[in-house]
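Pasting target-v9.tsv here (TSV, C-alpha atoms):
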```
chain	number	residue	atom	x	y	z
A	1	MET	CA	-3.41	-11.67	0.54
A	2	GLY	CA	-0.14	-13.54	0.63
A	3	PRO	CA	1.64	-16.87	0.96
A	4	PRO	CA	0.68	-19.40	3.66
A	5	GLN	CA	3.26	-17.98	6.10
A	6	ALA	CA	1.20	-14.74	6.20
A	7	LYS	CA	-0.97	-16.61	8.71
A	8	LYS	CA	1.54	-15.52	11.39
A	9	SER	CA	0.63	-11.86	10.83
A	10	LEU	CA	-3.06	-12.70	10.99
A	11	GLU	CA	-2.54	-14.63	14.24
A	12	ARG	CA	-1.00	-11.49	15.70
A	13	ALA	CA	-3.96	-9.41	14.51
A	14	LEU	CA	-6.33	-11.88	16.19
A	15	ALA	CA	-4.26	-11.71	19.39
A	16	MET	CA	-4.55	-7.91	19.28
A	17	GLY	CA	-8.34	-8.09	19.20
A	18	ALA	CA	-9.51	-8.79	15.64
A	19	ASP	CA	-12.62	-10.99	15.55
A	20	GLU	CA	-11.90	-12.90	12.34
A	21	ALA	CA	-9.11	-13.35	9.81
A	22	VAL	CA	-9.22	-14.37	6.16
A	23	LEU	CA	-6.13	-15.07	4.06
A	24	LEU	CA	-6.32	-14.94	0.27
A	25	SER	CA	-3.62	-17.41	-0.76
A	26	ASP	CA	-3.12	-19.20	-4.06
A	27	VAL	CA	-0.16	-19.81	-6.38
A	28	SER	CA	-2.23	-18.10	-9.09
A	29	PHE	CA	-1.95	-14.83	-7.11
A	30	ALA	CA	1.87	-14.90	-7.32
A	31	GLY	CA	3.50	-12.07	-9.25
A	32	SER	CA	0.54	-9.71	-8.80
A	33	ASP	CA	1.28	-6.04	-9.33
A	34	THR	CA	-0.80	-3.33	-7.64
A	35	LEU	CA	-3.62	-3.65	-10.18
A	36	ALA	CA	-3.97	-7.43	-9.78
A	37	THR	CA	-3.55	-7.17	-5.99
A	38	SER	CA	-6.27	-4.52	-5.62
A	39	TYR	CA	-8.60	-6.55	-7.85
A	40	THR	CA	-8.04	-9.76	-5.85
A	41	LEU	CA	-8.52	-8.00	-2.51
A	42	SER	CA	-11.70	-6.33	-3.74
A	43	MET	CA	-13.11	-9.71	-4.78
A	44	GLY	CA	-12.25	-11.08	-1.31
A	45	ILE	CA	-14.06	-8.14	0.30
A	46	ARG	CA	-17.09	-8.72	-1.95
A	47	ARG	CA	-17.21	-12.34	-0.79
A	48	MET	CA	-17.21	-11.23	2.86
A	49	GLY	CA	-20.50	-9.43	2.30
A	50	LYS	CA	-21.85	-6.09	3.55
A	51	PHE	CA	-19.40	-3.61	5.04
A	52	ASP	CA	-19.39	0.00	6.23
A	53	LEU	CA	-15.73	0.97	6.31
A	54	ILE	CA	-12.57	-0.54	4.83
A	55	LEU	CA	-9.30	0.51	6.48
A	56	LEU	CA	-5.93	-0.10	4.85
A	57	GLY	CA	-2.42	1.08	5.53
A	58	LYS	CA	-1.30	3.90	3.26
A	59	GLN	CA	1.25	1.70	1.47
A	60	ALA	CA	3.08	-1.62	1.58
A	61	ILE	CA	6.66	-1.77	2.81
A	62	ASP	CA	7.98	-3.44	-0.35
A	63	GLY	CA	6.94	-1.31	-3.33
A	64	ASP	CA	5.85	1.83	-1.41
A	65	THR	CA	3.51	2.72	-4.28
A	66	ALA	CA	0.37	3.51	-2.19
A	67	GLN	CA	-1.75	2.30	-5.14
A	68	VAL	CA	-3.50	-0.78	-3.69
A	69	GLY	CA	-5.90	1.07	-1.35
A	70	PRO	CA	-7.18	3.47	-4.03
A	71	GLY	CA	-7.31	0.52	-6.46
A	72	VAL	CA	-9.57	-1.46	-4.10
A	73	ALA	CA	-11.84	1.58	-3.76
A	74	GLU	CA	-12.10	1.87	-7.54
A	75	TRP	CA	-12.92	-1.83	-8.03
A	76	LEU	CA	-15.63	-1.55	-5.35
A	77	ASN	CA	-16.85	1.85	-6.64
A	78	LEU	CA	-16.38	3.46	-3.21
A	79	PRO	CA	-15.54	6.98	-2.07
A	80	GLN	CA	-12.04	7.04	-0.65
A	81	VAL	CA	-9.79	9.10	1.58
A	82	THR	CA	-6.04	8.50	1.52
A	83	TYR	CA	-3.30	9.27	4.07
A	84	ALA	CA	-5.73	9.76	6.97
A	85	ARG	CA	-4.05	10.55	10.28
A	86	LYS	CA	-7.31	10.88	12.22
A	87	ILE	CA	-10.84	9.55	11.74
A	88	GLU	CA	-14.07	10.48	13.50
A	89	ILE	CA	-17.51	9.04	12.92
A	90	ASN	CA	-20.37	11.55	13.13
A	91	GLY	CA	-23.71	9.89	12.44
A	92	ASN	CA	-23.51	8.55	8.91
A	93	LYS	CA	-20.43	10.62	8.04
A	94	ILE	CA	-16.72	9.81	8.22
A	95	ILE	CA	-14.61	12.88	8.98
A	96	SER	CA	-10.90	12.40	8.26
A	97	GLU	CA	-7.80	14.52	8.70
A	98	ARG	CA	-5.71	13.81	5.63
A	99	SER	CA	-1.92	14.35	5.83
A	100	LEU	CA	-0.31	16.52	3.17
A	101	GLU	CA	3.36	17.33	2.77
A	102	ASP	CA	3.36	20.39	5.04
A	103	SER	CA	-0.23	20.60	6.29
A	104	PHE	CA	-3.46	18.59	6.47
A	105	GLU	CA	-6.98	18.81	5.10
A	106	VAL	CA	-10.29	17.73	6.58
A	107	MET	CA	-12.40	15.50	4.36
A	108	GLU	CA	-15.93	14.22	4.85
A	109	THR	CA	-17.53	11.22	3.19
A	110	SER	CA	-20.46	8.89	3.78
A	111	PHE	CA	-20.64	5.15	4.37
A	112	PRO	CA	-19.62	2.80	2.85
A	113	ALA	CA	-16.10	4.07	2.16
A	114	LEU	CA	-12.45	3.13	2.06
A	115	VAL	CA	-9.77	4.98	4.04
A	116	THR	CA	-6.01	4.46	3.91
A	117	VAL	CA	-4.29	5.50	7.13
A	118	THR	CA	-0.84	6.66	8.21
A	119	LYS	CA	0.96	5.26	11.24
A	120	GLU	CA	-0.04	8.37	13.23
A	121	ILE	CA	-3.65	7.12	13.30
A	122	ASN	CA	-3.06	5.24	16.56
A	123	GLU	CA	-0.64	3.34	18.77
A	124	PRO	CA	-1.32	-0.39	18.28
A	125	ARG	CA	-2.01	-2.33	21.44
A	126	TYR	CA	0.29	-5.16	22.43
A	127	PRO	CA	-1.24	-8.64	22.30
A	128	SER	CA	-2.09	-9.84	25.81
A	129	LEU	CA	-1.23	-13.36	26.97
A	130	ARG	CA	-4.94	-14.13	26.94
A	131	GLY	CA	-5.20	-12.70	23.43
A	132	LEU	CA	-2.32	-14.88	22.24
A	133	LEU	CA	-3.95	-17.99	23.72
A	134	GLU	CA	-7.36	-17.11	22.25
A	135	ALA	CA	-5.80	-16.48	18.83
A	136	LYS	CA	-4.41	-20.03	18.78
A	137	LYS	CA	-7.98	-21.35	19.10
A	138	LYS	CA	-9.38	-19.23	16.27
A	139	ARG	CA	-9.33	-20.65	12.76
A	140	ILE	CA	-7.91	-18.51	9.97
A	141	THR	CA	-10.04	-18.92	6.85
A	142	VAL	CA	-8.03	-19.39	3.65
A	143	TRP	CA	-9.61	-18.59	0.31
A	144	THR	CA	-8.06	-19.55	-3.03
A	145	SER	CA	-8.98	-18.17	-6.44
A	146	ASP	CA	-11.61	-20.93	-6.73
A	147	ASP	CA	-13.39	-19.53	-3.64
A	148	LEU	CA	-13.79	-16.09	-5.19
A	149	THR	CA	-16.01	-14.95	-8.03
A	150	LEU	CA	-13.29	-13.38	-10.15
A	151	ASP	CA	-11.90	-13.18	-13.65
A	152	LYS	CA	-8.74	-15.31	-13.57
A	153	ARG	CA	-7.25	-13.23	-16.38
A	154	ARG	CA	-7.05	-10.31	-13.90
A	155	ILE	CA	-4.97	-12.05	-11.21
A	156	GLY	CA	-1.31	-12.95	-10.77
A	157	LEU	CA	1.16	-12.34	-13.60
A	158	ASP	CA	-1.54	-12.54	-16.29
A	159	GLY	CA	-3.45	-9.68	-14.68
A	160	SER	CA	-0.36	-7.55	-14.06
A	161	PRO	CA	0.54	-5.02	-16.76
A	162	THR	CA	3.66	-4.05	-14.76
A	163	GLN	CA	6.42	-6.44	-13.75
A	164	VAL	CA	9.59	-5.87	-11.76
A	165	ILE	CA	12.60	-7.05	-13.78
A	166	ARG	CA	15.20	-6.24	-11.14
A	167	ILE	CA	15.72	-4.12	-8.05
A	168	PHE	CA	19.05	-2.46	-7.44
A	169	THR	CA	20.71	0.43	-5.66
A	170	PRO	CA	21.88	2.97	-8.25
A	171	GLN	CA	25.55	3.86	-8.26
A	172	PRO	CA	26.22	7.31	-6.84
A	173	PRO	CA	27.24	9.85	-9.46
A	174	GLY	CA	30.92	10.73	-9.73
A	175	ARG	CA	32.30	13.55	-7.64
A	176	GLY	CA	31.77	17.03	-8.98
A	177	GLU	CA	34.59	19.35	-9.97
A	178	ILE	CA	34.91	22.82	-8.49
A	179	LEU	CA	36.41	25.41	-10.82
A	180	SER	CA	38.24	28.28	-9.18
A	181	GLY	CA	40.04	31.36	-10.39
A	182	GLU	CA	38.97	34.46	-12.28
A	183	ILE	CA	35.43	34.43	-13.64
A	184	SER	CA	36.55	34.74	-17.27
A	185	GLU	CA	38.95	31.77	-16.80
A	186	ILE	CA	36.22	29.69	-15.11
A	187	ALA	CA	33.76	30.47	-17.94
A	188	ASP	CA	36.30	29.41	-20.61
A	189	ARG	CA	37.14	26.15	-18.80
A	190	LEU	CA	33.45	25.39	-18.21
A	191	ILE	CA	32.61	25.91	-21.90
A	192	GLU	CA	35.57	23.73	-22.89
A	193	ARG	CA	34.38	20.88	-20.61
A	194	LEU	CA	30.76	21.15	-21.80
A	195	GLU	CA	31.86	21.03	-25.43
A	196	LYS	CA	34.09	18.01	-24.70
A	197	ARG	CA	31.13	16.14	-23.26
A	198	LYS	CA	29.00	17.26	-26.23
A	199	ILE	CA	26.54	19.00	-23.88
A	200	ILE	CA	26.83	22.18	-25.94
```

Any chance you could give the structure as structure tokens?
Amino acid sequence: MGPPQAKKSLERALAMGADEAVLLSDVSFAGSDTLATSYTLSMGIRRMGKFDLILLGKQAIDGDTAQVGPGVAEWLNLPQVTYARKIEINGNKIISERSLEDSFEVMETSFPALVTVTKEINEPRYPSLRGLLEAKKKRITVWTSDDLTLDKRRIGLDGSPTQVIRIFTPQPPGRGEILSGEISEIADRLIERLEKRKII
């Protein structure tokens, strides 16, 4: 899902070995927050038909919210595993190692399912020259909102309960002050400063 120039990324995916590529692109998708984005993607996936496993990155590089993958799973009523660093298929089960802050946990789910993955999942292959040439021959399908069976009140700005007003780097706080001397003197000066700032 993205603007027309997102075709470049899909061409690279085709060159790396993907069989097909579909771009969801429409001005009505502009301004989508994570809720509207996950809804739109889920409607695109529904249109594609039957599936066993949906793989997504753990988060986008712009908002870093990690909400779209779980949102898609909810819209599609699927079991989900997030932050997977390893996946194995055993019969009709998906066994995933899920990254935690200082450890990992093993999770098991059945098909169909959605899994968001970390960059440790694999080392992407480089597109071969043949792959690049083949990708140029493949057509990237573009679907607009009219191609999807969706509620137009749930997409774009209208379907987004959250909106970014501005993005900025916060100013660093002022330098701290170190009080030195006898403990009784330090305590008196500290109380005086706290009272001056109306903290106490």

If you take every atom of region 157-173 of chain A that the file lists and fit an axis-aligned box around them with 8 Å extra on each side, what centre and edge lengths come out in Å to one decimal, as AutoDock Vina command-line options?
```
--center_x 11.9 --center_y -1.3 --center_z -11.2 --size_x 46.7 --size_y 38.4 --size_z 27.1
```

With distances taken over only C-alpha atoms, which of A:Asn122, A:Gln59, A:Ser110, A:Ser184 is nearest to Asn90 (chain A)?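 Among the listed residues, A:Ser110 lies closest to Asn90 (chain A).
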
Do a neighbour search on Ala73 (chain A) at 10 Å with only C-alpha atoms, toss out local chain neighbours closer than 2 positions, and write the hits as a list in words.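 Counting only C-alpha atoms, the residues come to Ser38, Tyr39, Ser42, Ile54, Val68, Gly69, Pro70, Gly71, Trp75, Leu76, Asn77, Leu78, Pro79, Gln80, Val81, Ala113, Leu114 and Val115 of chain A.
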
With distances taken over all atoms listed in the file, which of A:Lys58, A:Arg85, A:Arg153, A:Lys93 is nearest to Thr109 (chain A)? A:Lys93

8 Å contact set for region 2-5 of chain A, only C-alpha atoms, chain neighbours under 6 positions out, as a list in words: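 The contact residues come out as Leu23, Leu24, Ser25 and Asp26 of chain A.
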
Pull C-alpha atoms from the residues just selected and write them as a PDB file, keeping the file's coordinate frame.
```
ATOM      1  CA  LEU A  23      -6.130 -15.070   4.060  1.00  0.00           C
ATOM      2  CA  LEU A  24      -6.320 -14.940   0.270  1.00  0.00           C
ATOM      3  CA  SER A  25      -3.620 -17.410  -0.760  1.00  0.00           C
ATOM      4  CA  ASP A  26      -3.120 -19.200  -4.060  1.00  0.00           C
TER       5      ASP A  26
END
```

The distance between CA of Leu10 (chain A) and CA of Gln163 (chain A) is 27.2 Å

Would you pick out the contacts of Asp19 (chain A) at 12 Å or less, using all atoms listed in the file, so that residues sharing its chain but fewer than 5 positions from it are not included, and give the list as a list in words?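 In the requested form, the answer reads Leu10, Glu11, Arg12, Ala13, Leu14, Gly131, Glu134, Ala135, Lys137, Lys138, Arg139 and Ile140 of chain A.
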
Coordinates-based distance that separates CA of Glu123 (chain A) from CA of Ala15 (chain A) (Å, one decimal): 15.5 Å
